[in-house]
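**Q** The file below is entry.txt, compact mmCIF, C-alpha atoms and all ligand atoms:
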```
# COMPACT_ATOMS: atom_id res chain seq x y z
CA MET A 1 189.21 -103.27 35.79
CA LEU A 2 185.60 -102.21 35.73
CA ASN A 3 185.19 -101.72 31.97
CA PHE A 4 182.28 -103.67 30.53
CA THR A 5 179.06 -103.90 28.55
CA TYR A 6 176.17 -105.50 30.38
CA ASP A 7 173.12 -106.80 28.58
CA ILE A 8 170.64 -109.33 29.93
CA PRO A 9 167.63 -109.55 27.64
CA THR A 10 165.74 -112.01 29.89
CA ARG A 11 162.56 -110.65 31.42
CA ILE A 12 162.08 -112.07 34.92
CA PHE A 13 158.70 -112.80 36.47
CA PHE A 14 159.52 -113.58 40.08
CA GLY A 15 157.08 -114.68 42.77
CA ARG A 16 153.92 -116.64 43.41
CA ASN A 17 151.49 -117.15 40.52
CA GLN A 18 153.74 -115.52 37.93
CA ILE A 19 152.72 -118.37 35.63
CA ASP A 20 149.72 -116.17 34.80
CA TYR A 21 152.03 -114.20 32.48
CA LEU A 22 153.06 -117.27 30.48
CA SER A 23 150.68 -117.25 27.50
CA GLY A 24 150.91 -113.47 27.07
CA GLU A 25 154.69 -113.67 26.97
CA ILE A 26 154.78 -116.57 24.50
CA LYS A 27 152.38 -114.78 22.16
CA LYS A 28 154.83 -111.91 21.82
CA TYR A 29 157.12 -114.32 19.95
CA GLY A 30 155.08 -117.15 18.47
CA SER A 31 151.99 -119.32 18.49
CA ARG A 32 153.37 -122.86 17.99
CA THR A 33 155.40 -124.10 20.92
CA LEU A 34 157.60 -127.02 21.80
CA MET A 35 157.19 -127.75 25.52
CA VAL A 36 160.30 -129.45 26.88
CA TYR A 37 160.33 -131.14 30.30
CA GLY A 38 162.03 -133.84 32.36
CA GLY A 39 161.17 -137.17 33.89
CA GLY A 40 157.75 -136.31 35.25
CA SER A 41 158.18 -134.27 38.44
CA ILE A 42 156.06 -131.50 36.89
CA LYS A 43 153.16 -133.92 36.48
CA LYS A 44 153.23 -134.83 40.18
CA ASN A 45 153.43 -131.30 41.58
CA GLY A 46 150.84 -129.61 39.36
CA ILE A 47 153.21 -127.40 37.34
CA TYR A 48 152.41 -129.33 34.14
CA ASP A 49 148.68 -128.63 34.56
CA ALA A 50 149.31 -124.94 35.22
CA VAL A 51 151.42 -124.63 32.05
CA ILE A 52 148.92 -126.53 29.87
CA GLN A 53 146.10 -124.35 31.17
CA GLN A 54 148.05 -121.27 30.09
CA LEU A 55 148.77 -122.73 26.64
CA ASN A 56 145.10 -123.63 26.16
CA GLU A 57 143.81 -120.29 27.39
CA GLY A 58 146.15 -118.56 24.97
CA ASN A 59 145.15 -120.83 22.07
CA ILE A 60 148.80 -121.75 21.66
CA PHE A 61 149.44 -124.90 19.61
CA TYR A 62 151.98 -127.16 21.33
CA LYS A 63 153.96 -130.37 21.00
CA GLU A 64 155.65 -132.00 23.97
CA LEU A 65 159.16 -133.34 24.44
CA PRO A 66 159.13 -135.18 27.78
CA GLY A 67 161.88 -137.29 29.34
CA VAL A 68 164.89 -134.97 29.36
CA LYS A 69 167.32 -136.60 31.80
CA PRO A 70 169.74 -134.97 34.27
CA ASN A 71 172.98 -134.27 32.37
CA PRO A 72 170.88 -133.86 29.19
CA SER A 73 171.93 -135.73 26.12
CA ILE A 74 172.40 -134.74 22.51
CA SER A 75 169.83 -137.39 21.51
CA SER A 76 167.09 -135.38 23.29
CA VAL A 77 168.29 -132.27 21.47
CA ARG A 78 168.06 -134.09 18.13
CA GLU A 79 164.56 -135.34 18.95
CA GLY A 80 163.41 -131.85 19.99
CA SER A 81 164.80 -130.07 16.95
CA GLY A 82 163.18 -132.72 14.74
CA LEU A 83 159.80 -131.97 16.34
CA CYS A 84 160.30 -128.23 15.77
CA LYS A 85 161.11 -128.73 12.09
CA GLU A 86 158.36 -131.29 11.35
CA ASN A 87 155.68 -129.21 13.05
CA LYS A 88 156.93 -125.76 12.02
CA LEU A 89 157.13 -124.68 15.65
CA ASP A 90 158.20 -121.11 16.36
CA PHE A 91 158.83 -121.07 20.11
CA VAL A 92 160.55 -123.31 22.67
CA LEU A 93 159.33 -123.47 26.27
CA ALA A 94 161.43 -125.25 28.91
CA VAL A 95 159.71 -126.33 32.13
CA GLY A 96 162.11 -127.82 34.67
CA GLY A 97 165.60 -127.63 36.15
CA GLY A 98 168.89 -126.80 34.48
CA SER A 99 168.99 -130.02 32.46
CA THR A 100 165.65 -129.32 30.80
CA LEU A 101 166.54 -125.68 30.23
CA ASP A 102 169.93 -126.53 28.70
CA CYS A 103 168.39 -129.13 26.41
CA ALA A 104 165.69 -126.67 25.29
CA LYS A 105 168.27 -123.97 24.65
CA VAL A 106 170.27 -126.11 22.24
CA ILE A 107 167.04 -127.37 20.62
CA SER A 108 166.13 -123.73 19.91
CA ALA A 109 169.40 -123.30 17.99
CA ALA A 110 169.29 -126.74 16.36
CA ALA A 111 165.81 -126.00 15.00
CA MET A 112 167.38 -123.29 12.83
CA TYR A 113 170.35 -125.39 11.70
CA GLU A 114 170.56 -127.99 8.94
CA GLY A 115 173.47 -130.01 10.34
CA ASP A 116 173.81 -132.15 13.48
CA PRO A 117 173.46 -130.11 16.73
CA TRP A 118 176.54 -131.86 18.21
CA ASP A 119 178.44 -129.51 15.87
CA PHE A 120 177.61 -126.63 18.27
CA VAL A 121 179.18 -128.53 21.15
CA THR A 122 182.37 -129.51 19.34
CA GLY A 123 182.76 -126.05 17.84
CA LYS A 124 182.39 -127.34 14.29
CA ALA A 125 179.51 -124.87 13.89
CA VAL A 126 178.77 -121.56 15.58
CA ILE A 127 175.19 -120.76 16.61
CA GLN A 128 173.92 -118.07 14.27
CA ASN A 129 170.23 -118.11 15.01
CA ALA A 130 167.73 -119.70 17.37
CA LEU A 131 164.01 -119.91 17.95
CA PRO A 132 162.87 -117.65 20.81
CA LEU A 133 162.91 -119.49 24.13
CA GLY A 134 161.19 -119.02 27.49
CA THR A 135 161.56 -120.95 30.74
CA VAL A 136 159.54 -121.95 33.78
CA LEU A 137 162.15 -122.85 36.40
CA THR A 138 161.46 -125.62 38.94
CA LEU A 139 164.89 -126.08 40.61
CA SER A 140 167.32 -123.42 41.85
CA ALA A 141 170.89 -124.22 40.88
CA THR A 142 172.37 -123.53 37.47
CA GLY A 143 171.38 -119.97 36.57
CA SER A 144 170.52 -121.29 33.11
CA GLU A 145 167.25 -119.33 33.32
CA MET A 146 169.15 -116.08 32.87
CA ASN A 147 172.33 -116.89 30.99
CA SER A 148 173.77 -117.84 27.63
CA GLY A 149 175.08 -121.30 28.55
CA ALA A 150 174.03 -124.91 28.14
CA VAL A 151 175.85 -128.13 28.99
CA ILE A 152 175.16 -131.16 26.80
CA SER A 153 176.29 -134.79 27.09
CA ASN A 154 176.93 -137.42 24.46
CA GLU A 155 176.30 -140.97 25.73
CA GLU A 156 178.30 -142.54 22.90
CA THR A 157 181.51 -140.57 23.44
CA GLN A 158 181.03 -139.89 27.20
CA ASP A 159 181.56 -136.20 26.52
CA LYS A 160 179.90 -133.45 28.55
CA LEU A 161 180.70 -129.99 27.21
CA PRO A 162 179.41 -126.41 27.42
CA VAL A 163 177.89 -124.36 24.59
CA LEU A 164 177.77 -120.58 24.90
CA SER A 165 175.86 -118.15 22.72
CA ASP A 166 173.89 -114.95 23.20
CA TYR A 167 171.20 -116.60 21.06
CA LEU A 168 170.57 -119.02 23.92
CA LYS A 169 169.55 -116.37 26.43
CA PRO A 170 165.89 -116.88 27.36
CA ARG A 171 163.46 -114.11 26.35
CA PHE A 172 161.73 -114.55 29.70
CA SER A 173 161.88 -116.78 32.74
CA ILE A 174 159.14 -117.45 35.24
CA LEU A 175 160.60 -117.93 38.72
CA ASP A 176 158.01 -119.01 41.28
CA PRO A 177 159.83 -120.13 44.45
CA ALA A 178 156.81 -122.28 45.40
CA TYR A 179 157.57 -124.38 42.30
CA THR A 180 160.73 -125.57 44.06
CA PHE A 181 158.94 -126.81 47.22
CA THR A 182 158.91 -130.40 45.92
CA VAL A 183 162.63 -130.62 45.11
CA ASN A 184 163.99 -133.33 47.42
CA PRO A 185 166.74 -132.61 49.99
CA TYR A 186 169.46 -134.20 47.85
CA TYR A 187 168.80 -132.08 44.77
CA THR A 188 168.14 -129.04 46.95
CA ALA A 189 171.55 -129.44 48.62
CA ALA A 190 173.19 -130.02 45.23
CA GLY A 191 171.55 -126.83 43.97
CA VAL A 192 172.88 -124.77 46.87
CA ALA A 193 176.37 -126.18 46.28
CA ASP A 194 176.14 -125.39 42.56
CA ILE A 195 175.12 -121.78 43.27
CA MET A 196 178.01 -121.38 45.72
CA SER A 197 180.40 -122.96 43.26
CA HIS A 198 179.38 -120.51 40.52
CA ILE A 199 180.20 -117.69 42.92
CA PHE A 200 183.53 -119.26 43.95
CA GLU A 201 184.53 -119.68 40.30
CA GLN A 202 184.10 -115.93 39.79
CA TYR A 203 185.27 -114.74 43.23
CA PHE A 204 188.52 -116.68 43.46
CA VAL A 205 190.38 -114.91 40.65
CA GLN A 206 193.41 -112.66 40.71
CA ILE A 207 191.79 -109.41 39.53
CA PRO A 208 192.48 -106.25 41.58
CA PHE A 209 189.98 -103.45 42.24
CA ALA A 210 186.93 -105.63 41.59
CA ASP A 211 185.32 -104.50 44.82
CA VAL A 212 181.74 -104.27 43.55
CA PRO A 213 181.60 -107.81 42.11
CA ASP A 214 183.59 -109.23 45.03
CA ARG A 215 181.33 -107.75 47.70
CA MET A 216 178.29 -108.96 45.70
CA CYS A 217 179.78 -112.45 45.66
CA GLU A 218 180.24 -112.38 49.43
CA ALA A 219 176.65 -111.23 49.94
CA LEU A 220 175.27 -114.04 47.75
CA LEU A 221 177.42 -116.62 49.54
CA LYS A 222 176.04 -115.42 52.89
CA VAL A 223 172.52 -115.83 51.53
CA CYS A 224 173.29 -119.46 50.57
CA ILE A 225 174.85 -120.15 54.00
CA LYS A 226 171.84 -118.61 55.76
CA TYR A 227 169.06 -120.20 53.75
CA GLY A 228 170.65 -123.45 52.52
CA PRO A 229 170.00 -125.30 55.79
CA VAL A 230 166.51 -123.75 56.00
CA VAL A 231 165.34 -125.11 52.64
CA ILE A 232 166.63 -128.57 53.57
CA GLU A 233 164.90 -128.47 56.96
CA ASN A 234 161.69 -126.88 55.75
CA PRO A 235 161.23 -127.34 51.98
CA GLU A 236 158.08 -125.21 51.93
CA ASP A 237 159.61 -122.11 53.51
CA TYR A 238 158.71 -119.66 50.76
CA GLN A 239 161.05 -116.85 51.86
CA ALA A 240 164.02 -119.20 52.07
CA ARG A 241 163.24 -120.81 48.70
CA ALA A 242 162.82 -117.30 47.21
CA ASN A 243 166.20 -116.12 48.43
CA ILE A 244 167.94 -119.24 47.15
CA MET A 245 166.16 -118.96 43.80
CA TRP A 246 167.14 -115.35 43.20
CA ALA A 247 170.68 -116.05 44.39
CA SER A 248 170.94 -118.84 41.82
CA SER A 249 169.99 -116.53 38.95
CA LEU A 250 172.28 -113.70 40.08
CA ALA A 251 175.20 -116.06 40.67
CA LEU A 252 175.52 -116.91 36.99
CA ASN A 253 174.00 -114.13 34.89
CA SER A 254 177.34 -112.30 34.48
CA LEU A 255 176.50 -109.73 37.16
CA VAL A 256 179.16 -110.86 39.66
CA ASN A 257 181.72 -111.29 36.90
CA LEU A 258 181.47 -107.81 35.39
CA GLY A 259 184.86 -106.19 35.05
CA LYS A 260 186.67 -109.46 35.73
CA VAL A 261 186.49 -110.80 32.16
CA THR A 262 187.45 -114.24 33.31
CA GLY A 263 186.63 -116.72 36.04
CA ASP A 264 188.49 -119.75 37.33
CA TRP A 265 186.12 -122.61 36.37
CA ALA A 266 188.65 -125.40 37.05
CA VAL A 267 186.33 -127.14 39.52
CA HIS A 268 183.50 -127.06 36.96
CA PHE A 269 185.71 -128.45 34.21
CA ILE A 270 186.82 -131.30 36.47
CA GLU A 271 183.27 -132.03 37.69
CA HIS A 272 181.89 -132.11 34.15
CA GLU A 273 184.35 -134.90 33.34
CA ILE A 274 183.13 -136.86 36.36
CA SER A 275 179.43 -136.51 35.53
CA ALA A 276 180.19 -137.27 31.87
CA ILE A 277 181.28 -140.76 32.91
CA TYR A 278 179.31 -141.40 36.09
CA ASP A 279 175.73 -140.64 36.96
CA VAL A 280 176.79 -138.00 39.49
CA THR A 281 174.62 -134.98 40.30
CA HIS A 282 176.53 -131.87 39.19
CA GLY A 283 176.26 -129.95 42.50
CA ILE A 284 177.26 -132.99 44.56
CA GLY A 285 180.40 -133.50 42.47
CA LEU A 286 181.27 -129.82 42.92
CA ALA A 287 180.77 -129.90 46.70
CA ILE A 288 183.12 -132.89 46.98
CA LEU A 289 185.84 -131.19 44.94
CA ILE A 290 185.63 -127.60 46.21
CA PRO A 291 187.32 -127.93 49.66
CA HIS A 292 190.16 -129.99 48.14
CA TRP A 293 190.60 -127.49 45.33
CA MET A 294 190.68 -124.69 47.93
CA GLU A 295 193.35 -126.46 49.99
CA TYR A 296 195.39 -127.12 46.87
CA VAL A 297 195.35 -123.56 45.53
CA LEU A 298 195.98 -121.84 48.90
CA SER A 299 199.42 -120.18 48.67
CA ASP A 300 201.13 -116.88 49.55
CA GLN A 301 199.73 -115.41 46.32
CA THR A 302 196.16 -116.51 46.91
CA LEU A 303 196.11 -116.02 50.70
CA PRO A 304 194.63 -112.47 50.70
CA LYS A 305 191.51 -113.66 48.86
CA PHE A 306 190.98 -116.50 51.31
CA VAL A 307 191.36 -114.02 54.18
CA ASP A 308 188.62 -111.86 52.61
CA TYR A 309 186.50 -114.99 52.24
CA GLY A 310 187.06 -116.07 55.85
CA LYS A 311 186.42 -112.65 57.32
CA ASN A 312 183.62 -111.36 55.10
CA VAL A 313 181.68 -114.57 54.50
CA TRP A 314 182.32 -116.66 57.61
CA ASN A 315 182.92 -113.77 60.05
CA ILE A 316 186.19 -115.35 61.27
CA ARG A 317 187.94 -112.78 63.45
CA GLU A 318 190.51 -114.84 65.35
CA GLY A 319 193.93 -116.10 64.24
CA SER A 320 196.69 -115.33 61.76
CA ASP A 321 195.87 -114.80 58.08
CA LEU A 322 196.83 -118.41 57.33
CA GLU A 323 194.63 -119.68 60.17
CA ILE A 324 191.71 -117.61 58.91
CA ALA A 325 192.19 -119.03 55.40
CA GLU A 326 192.45 -122.62 56.60
CA ASN A 327 189.49 -122.21 58.93
CA SER A 328 187.39 -120.85 56.03
CA ILE A 329 188.10 -124.03 54.05
CA VAL A 330 187.15 -126.24 57.02
CA LYS A 331 183.91 -124.26 57.39
CA THR A 332 183.14 -124.71 53.69
CA TYR A 333 183.61 -128.49 53.99
CA ASN A 334 181.50 -128.67 57.15
CA PHE A 335 178.76 -126.58 55.57
CA PHE A 336 178.38 -128.91 52.59
CA ARG A 337 178.45 -131.93 54.89
CA SER A 338 175.76 -130.37 57.09
CA LEU A 339 173.49 -130.21 54.03
CA GLY A 340 173.69 -134.00 53.82
CA ILE A 341 176.10 -134.10 50.88
CA PRO A 342 178.34 -137.20 50.68
CA MET A 343 181.84 -135.75 50.77
CA HIS A 344 183.97 -138.34 48.96
CA LEU A 345 184.11 -139.41 45.33
CA ARG A 346 183.86 -143.03 46.45
CA ASP A 347 180.50 -142.17 48.08
CA VAL A 348 179.13 -141.45 44.59
CA ARG A 349 180.79 -144.59 43.19
CA VAL A 350 183.61 -142.92 41.27
CA ASP A 351 186.26 -145.57 40.66
CA GLU A 352 189.73 -144.52 41.86
CA LYS A 353 191.25 -146.32 38.88
CA ARG A 354 189.69 -143.77 36.51
CA LEU A 355 190.96 -140.61 38.24
CA ASP A 356 193.94 -140.32 35.91
CA GLU A 357 191.64 -140.49 32.89
CA ILE A 358 189.31 -137.86 34.42
CA ALA A 359 192.30 -135.54 35.04
CA ALA A 360 193.49 -135.99 31.46
CA ARG A 361 190.03 -135.29 30.04
CA ALA A 362 189.64 -132.15 32.19
CA MET A 363 192.62 -130.69 30.33
CA ARG A 364 190.66 -130.63 27.09
CA LEU A 365 189.46 -127.10 27.81
CA ASP A 366 192.97 -125.71 28.38
CA PHE A 367 192.84 -123.77 25.08
CA GLY A 368 196.40 -124.84 24.32
CA THR A 369 197.92 -123.44 27.54
CA GLY A 370 198.61 -126.74 29.27
CA THR A 371 196.69 -125.55 32.35
CA ILE A 372 193.11 -124.89 33.43
CA GLY A 373 191.90 -122.35 35.97
CA GLN A 374 192.98 -118.78 36.57
CA PHE A 375 193.39 -118.35 40.37
CA LYS A 376 196.15 -120.93 40.37
CA PRO A 377 196.56 -122.53 36.92
CA LEU A 378 196.44 -126.33 37.24
CA LYS A 379 198.35 -128.91 35.24
CA LYS A 380 197.13 -132.46 34.80
CA GLU A 381 199.19 -133.66 37.81
CA ASP A 382 197.58 -130.96 39.99
CA ILE A 383 194.11 -132.08 38.96
CA LEU A 384 194.99 -135.68 39.69
CA ASN A 385 196.23 -134.67 43.15
CA ILE A 386 192.97 -132.86 43.89
CA LEU A 387 191.00 -135.89 42.71
CA ILE A 388 193.08 -138.24 44.87
CA HIS A 389 192.44 -136.05 47.93
CA ALA A 390 188.71 -136.04 47.12
CA ALA A 391 188.56 -139.79 46.56
O1 LIG A 401 163.35 -134.70 35.44
P1 LIG A 401 162.37 -134.34 36.48
O2 LIG A 401 161.32 -135.36 36.70
O3 LIG A 401 161.82 -132.97 36.31
O4 LIG A 401 163.19 -134.36 37.90
C1 LIG A 401 164.28 -133.51 38.15
C2 LIG A 401 165.62 -134.24 38.14
O5 LIG A 401 165.44 -135.59 38.51
C3 LIG A 401 164.18 -133.02 39.57
N1 LIG A 401 163.35 -131.81 39.72
C4 LIG A 401 163.45 -130.64 39.07
N2 LIG A 401 162.53 -129.78 39.54
C5 LIG A 401 161.80 -130.46 40.48
C6 LIG A 401 162.33 -131.75 40.60
N3 LIG A 401 161.83 -132.67 41.45
C7 LIG A 401 160.78 -132.30 42.22
N4 LIG A 401 160.24 -131.04 42.17
C8 LIG A 401 160.73 -130.09 41.32
N5 LIG A 401 160.20 -128.86 41.32
O6 LIG A 401 165.51 -132.71 39.93
C9 LIG A 401 166.40 -133.58 39.26
C10 LIG A 401 167.60 -132.80 38.78
O7 LIG A 401 167.20 -131.90 37.78
P2 LIG A 401 168.30 -131.17 36.85
O8 LIG A 401 167.57 -130.29 35.89
O9 LIG A 401 169.24 -132.17 36.31
O10 LIG A 401 169.11 -130.30 37.93
P3 LIG A 401 169.93 -128.96 37.80
O11 LIG A 401 169.02 -127.78 37.74
O12 LIG A 401 170.91 -128.99 38.89
O13 LIG A 401 170.68 -129.06 36.38
C11 LIG A 401 171.90 -129.75 36.24
C12 LIG A 401 172.45 -129.65 34.84
O14 LIG A 401 172.77 -128.29 34.50
C13 LIG A 401 174.16 -128.23 34.07
C14 LIG A 401 174.78 -129.35 34.86
O15 LIG A 401 176.04 -129.72 34.36
C15 LIG A 401 173.75 -130.44 34.71
O16 LIG A 401 173.84 -131.06 33.45
N6 LIG A 401 174.68 -126.87 34.29
C16 LIG A 401 174.21 -125.87 33.52
C17 LIG A 401 174.70 -124.57 33.61
C18 LIG A 401 174.19 -123.48 32.76
N7 LIG A 401 173.32 -123.74 31.81
O17 LIG A 401 174.57 -122.33 32.91
C19 LIG A 401 175.77 -124.22 34.54
C20 LIG A 401 175.99 -125.23 35.60
O18 LIG A 401 177.28 -125.06 36.11
C21 LIG A 401 175.80 -126.65 35.18
O19 LIG A 401 176.97 -127.18 34.57
ZN ZN A 402 177.49 -125.46 38.03
```
For the structure just supplied, provide its representation as structure tokens.

**A**
Amino acid sequence: MLNFTYDIPTRIFFGRNQIDYLSGEIKKYGSRTLMVYGGGSIKKNGIYDAVIQQLNEGNIFYKELPGVKPNPSISSVREGSGLCKENKLDFVLAVGGGSTLDCAKVISAAAMYEGDPWDFVTGKAVIQNALPLGTVLTLSATGSEMNSGAVISNEETQDKLPVLSDYLKPRFSILDPAYTFTVNPYYTAAGVADIMSHIFEQYFVQIPFADVPDRMCEALLKVCIKYGPVVIENPEDYQARANIMWASSLALNSLVNLGKVTGDWAVHFIEHEISAIYDVTHGIGLAILIPHWMEYVLSDQTLPKFVDYGKNVWNIREGSDLEIAENSIVKTYNFFRSLGIPMHLRDVRVDEKRLDEIAARAMRLDFGTGTIGQFKPLKKEDILNILIHAA
């Protein structure tokens, strides 16, 4: 049913040299910034220098929080919020991929909270305020640059859980596709898989009459299929990087979910449990699981959606409905493999002996229903079966 309210407060600066807007944008909100970034890629590719030049030109005081790791941890959030409080900072700037952005988002809320920020992740506390936040995106994947989510890990408990709040939506995001030229093929492929997975999670749901969001989903998937191989082959193809970058933001800024209320998200819940335990790149884990999830949920009830997917995304014209559906799943698998993604859990060193534990942990977000997912609700045994097929 297309009844909804849509509100994205994030101002987008998209294209080459949009960094020139950075200091002007920050000064609308504050003058003392925490700059959050990852393991050093921005120092090698010149993005760090461009940001510092902007901060200096704008006379913006700043402190740095470097070293945010992929699958960002609560300890980085604690460190960042401590810096904000000690130095009376009034703005948080994230420069990096989804991990850096997610960490910075929760720092912005933690800076306004007296307790431990892990409380936001466990649900013990609800975010009620946050410092204003801006982002400079360097990797196309998560959509974090334009949404209200963050995913935070806890090394001690091996938890990896989402936090959602409107307070976490960035005030602005600078999206320069040239900033993603230096992302290596592995992370580029993982990013494309993550974007496609976000679309699948919102496309494969049993909601009738959602033609506008469904056709948008199909269009974005076709963009990923067209340009995914191009950005792997030629990392400095600006037009290809630009299309993938904009697709990543639109895939998870609520636009393709409007009127649907819910998504499936089972594959994401399962993958988060894998990358909570193992050092697996989020998009790679998703790509391994997706074709097996698709095979598992294909049934008489879900067939029509797979037929739409096969016809409208992969242009499959031949065969019965079931053949079109099955062919679309084979094409999905082959596409991920063609990007150079290892297609088994064992390839990313996931131990088969822990699959049962991963399945059990994935059930934690069942909200008391005993199942996860909407397209075909999955019990723990179903998840284990999918994991065994993916092993
Ligand atoms: O740390 P640095 O040195 O910057 O290197 C990073 C990192 O090693 C590197 N990188 C980033 N930009 C680069 C670059 N290398 C060269 N040139 C550049 N321009 O790439 C590596 C991966 O970075 P990361 O930020 O971890 O990747 P991604 O953007 O895929 O983020 C993944 C995280 O986001 C979460 C995932 O679970 C995972 O923790 N997600 C967040 C979501 C959200 N906020 O809405 C939704 C997603 O479904 C996802 O769960
Ligand atoms: Zn994702």

**Q** Excluding stretch 74-76 of chain A and any residue of its chain fewer than 3 positions from it, enumerate the residues within 12 Å of it, using all atoms listed in the file, and give them as a ChimeraX atom specification.

**A** /A:36-38,64-71,79-83,99-107,110,116-122,150-163

**Q** If you count all atoms listed in the file, which residues end up within 6 Å of ligand LIG 401 (chain A), as a ChimeraX atom specification?

**A** /A:38-42,69-72,96-100,102,138-139,141-144,149-151,179-180,182-183,187,191,282

**Q** Produce as a list in words the set of residues near ligand ZN 402 (chain A), where near means within 7 Å with only C-alpha atoms and all ligand atoms considered.

**A**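 What falls inside 7 Å of ligand ZN 402 (chain A) is Thr142, Asp194, Ile195, Ser197, His198, His268, His282 and Gly283 of chain A.
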
**Q** Those same residues - C-alpha atoms - I'd like them written as a CSV table (one decimal), in the frame of the given file.

**A**
```
chain,number,residue,atom,x,y,z
A,142,THR,CA,172.4,-123.5,37.5
A,194,ASP,CA,176.1,-125.4,42.6
A,195,ILE,CA,175.1,-121.8,43.3
A,197,SER,CA,180.4,-123.0,43.3
A,198,HIS,CA,179.4,-120.5,40.5
A,268,HIS,CA,183.5,-127.1,37.0
A,282,HIS,CA,176.5,-131.9,39.2
A,283,GLY,CA,176.3,-130.0,42.5
```

**Q** Go through A:Val330, A:Leu252, A:Asn147, A:Leu378 and flag the residue nearest A:Ile316, using only C-alpha atoms for the distances.

**A**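 Under the stated criterion, the closest residue is A:Val330.
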
**Q** Quick one: residues within 9 Å of A:Ile324, all atoms listed in the file counted, chain neighbours fewer than 5 positions away excluded, as a PyMOL selection string?

**A** chain A and resi 306-307+309-311+316-319+329

**Q** Keeping C-alpha atoms, export the residues of the selection given above as a PDB file, in the frame of the given file.

**A**
```pdb
ATOM      1  CA  PHE A 306     190.980-116.500  51.310  1.00  0.00           C
ATOM      2  CA  VAL A 307     191.360-114.020  54.180  1.00  0.00           C
ATOM      3  CA  TYR A 309     186.500-114.990  52.240  1.00  0.00           C
ATOM      4  CA  GLY A 310     187.060-116.070  55.850  1.00  0.00           C
ATOM      5  CA  LYS A 311     186.420-112.650  57.320  1.00  0.00           C
ATOM      6  CA  ILE A 316     186.190-115.350  61.270  1.00  0.00           C
ATOM      7  CA  ARG A 317     187.940-112.780  63.450  1.00  0.00           C
ATOM      8  CA  GLU A 318     190.510-114.840  65.350  1.00  0.00           C
ATOM      9  CA  GLY A 319     193.930-116.100  64.240  1.00  0.00           C
ATOM     10  CA  ILE A 329     188.100-124.030  54.050  1.00  0.00           C
TER      11      ILE A 329
END
```

**Q** Counting all atoms listed in the file, which residue out of A:Asn184, A:Ser148, A:Thr33, A:Ser320 sits closest to A:Ser254?

**A**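 Between A:Asn184, A:Ser148, A:Thr33, A:Ser320, the residue approaching A:Ser254 most closely is A:Ser148.
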
**Q** Using all atoms of stretch 185-193 of chain A that appear in the file, construct an axis-aligned enclosing box with 4 Å of padding on every side and provide its centre coordinates and edge lengths in Å, rounded to one decimal, as AutoDock Vina command-line options.

**A**
```
--center_x 171.6 --center_y -129.5 --center_z 47.0 --size_x 17.6 --size_y 17.4 --size_z 14.0
```

**Q** Within 10 Å of A:Ala359, counting all atoms listed in the file, which residues show up once you throw out same-chain ones fewer than 3 positions away? Write them as a list in words, please.

**A**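 These residues fall inside the cut-off: Phe269, Ile270, Glu273, Ile274, Arg354, Leu355, Asp356, Ala362, Met363, Arg364, Lys379, Lys380, Glu381, Asp382, Ile383, Leu384, Asn385, Ile386 and Leu387 of chain A.
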
**Q** For the selection you just gave me, I'd like the residues written to a file as a compact mmCIF listing (two decimals), keeping the file's coordinate frame, keeping C-alpha atoms.

**A**
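And here is the file that came out, again-v9.txt:
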```txt
# COMPACT_ATOMS: atom_id res chain seq x y z
CA PHE A 269 185.71 -128.45 34.21
CA ILE A 270 186.82 -131.30 36.47
CA GLU A 273 184.35 -134.90 33.34
CA ILE A 274 183.13 -136.86 36.36
CA ARG A 354 189.69 -143.77 36.51
CA LEU A 355 190.96 -140.61 38.24
CA ASP A 356 193.94 -140.32 35.91
CA ALA A 362 189.64 -132.15 32.19
CA MET A 363 192.62 -130.69 30.33
CA ARG A 364 190.66 -130.63 27.09
CA LYS A 379 198.35 -128.91 35.24
CA LYS A 380 197.13 -132.46 34.80
CA GLU A 381 199.19 -133.66 37.81
CA ASP A 382 197.58 -130.96 39.99
CA ILE A 383 194.11 -132.08 38.96
CA LEU A 384 194.99 -135.68 39.69
CA ASN A 385 196.23 -134.67 43.15
CA ILE A 386 192.97 -132.86 43.89
CA LEU A 387 191.00 -135.89 42.71
```

**Q** Any idea what the distance is between atom CA of A:Met35 and atom CA of A:Gly123?

**A** 26.8 Å

**Q** Go through A:Met216, A:Val267, A:Ala276, A:Ile288 and flag the residue nearest A:Ser73, using all atoms listed in the file for the distances.

**A**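 That would be A:Ala276, the residue with the smallest distance to A:Ser73.
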
**Q** Go through A:Leu131, A:Val126, A:Val136, A:Glu145 one by one, measure the shortest atom-to-atom distance of each to A:Leu164 using all atoms listed in the file, and give the residue with the smallest value.

**A**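 Selected residue with least distance to A:Leu164: A:Val126.
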
**Q** So, counting all atoms listed in the file, which residue among A:Asn234, A:Asn59, A:Ser31, A:Asn45 is closest to A:Val92?

**A** A:Ser31
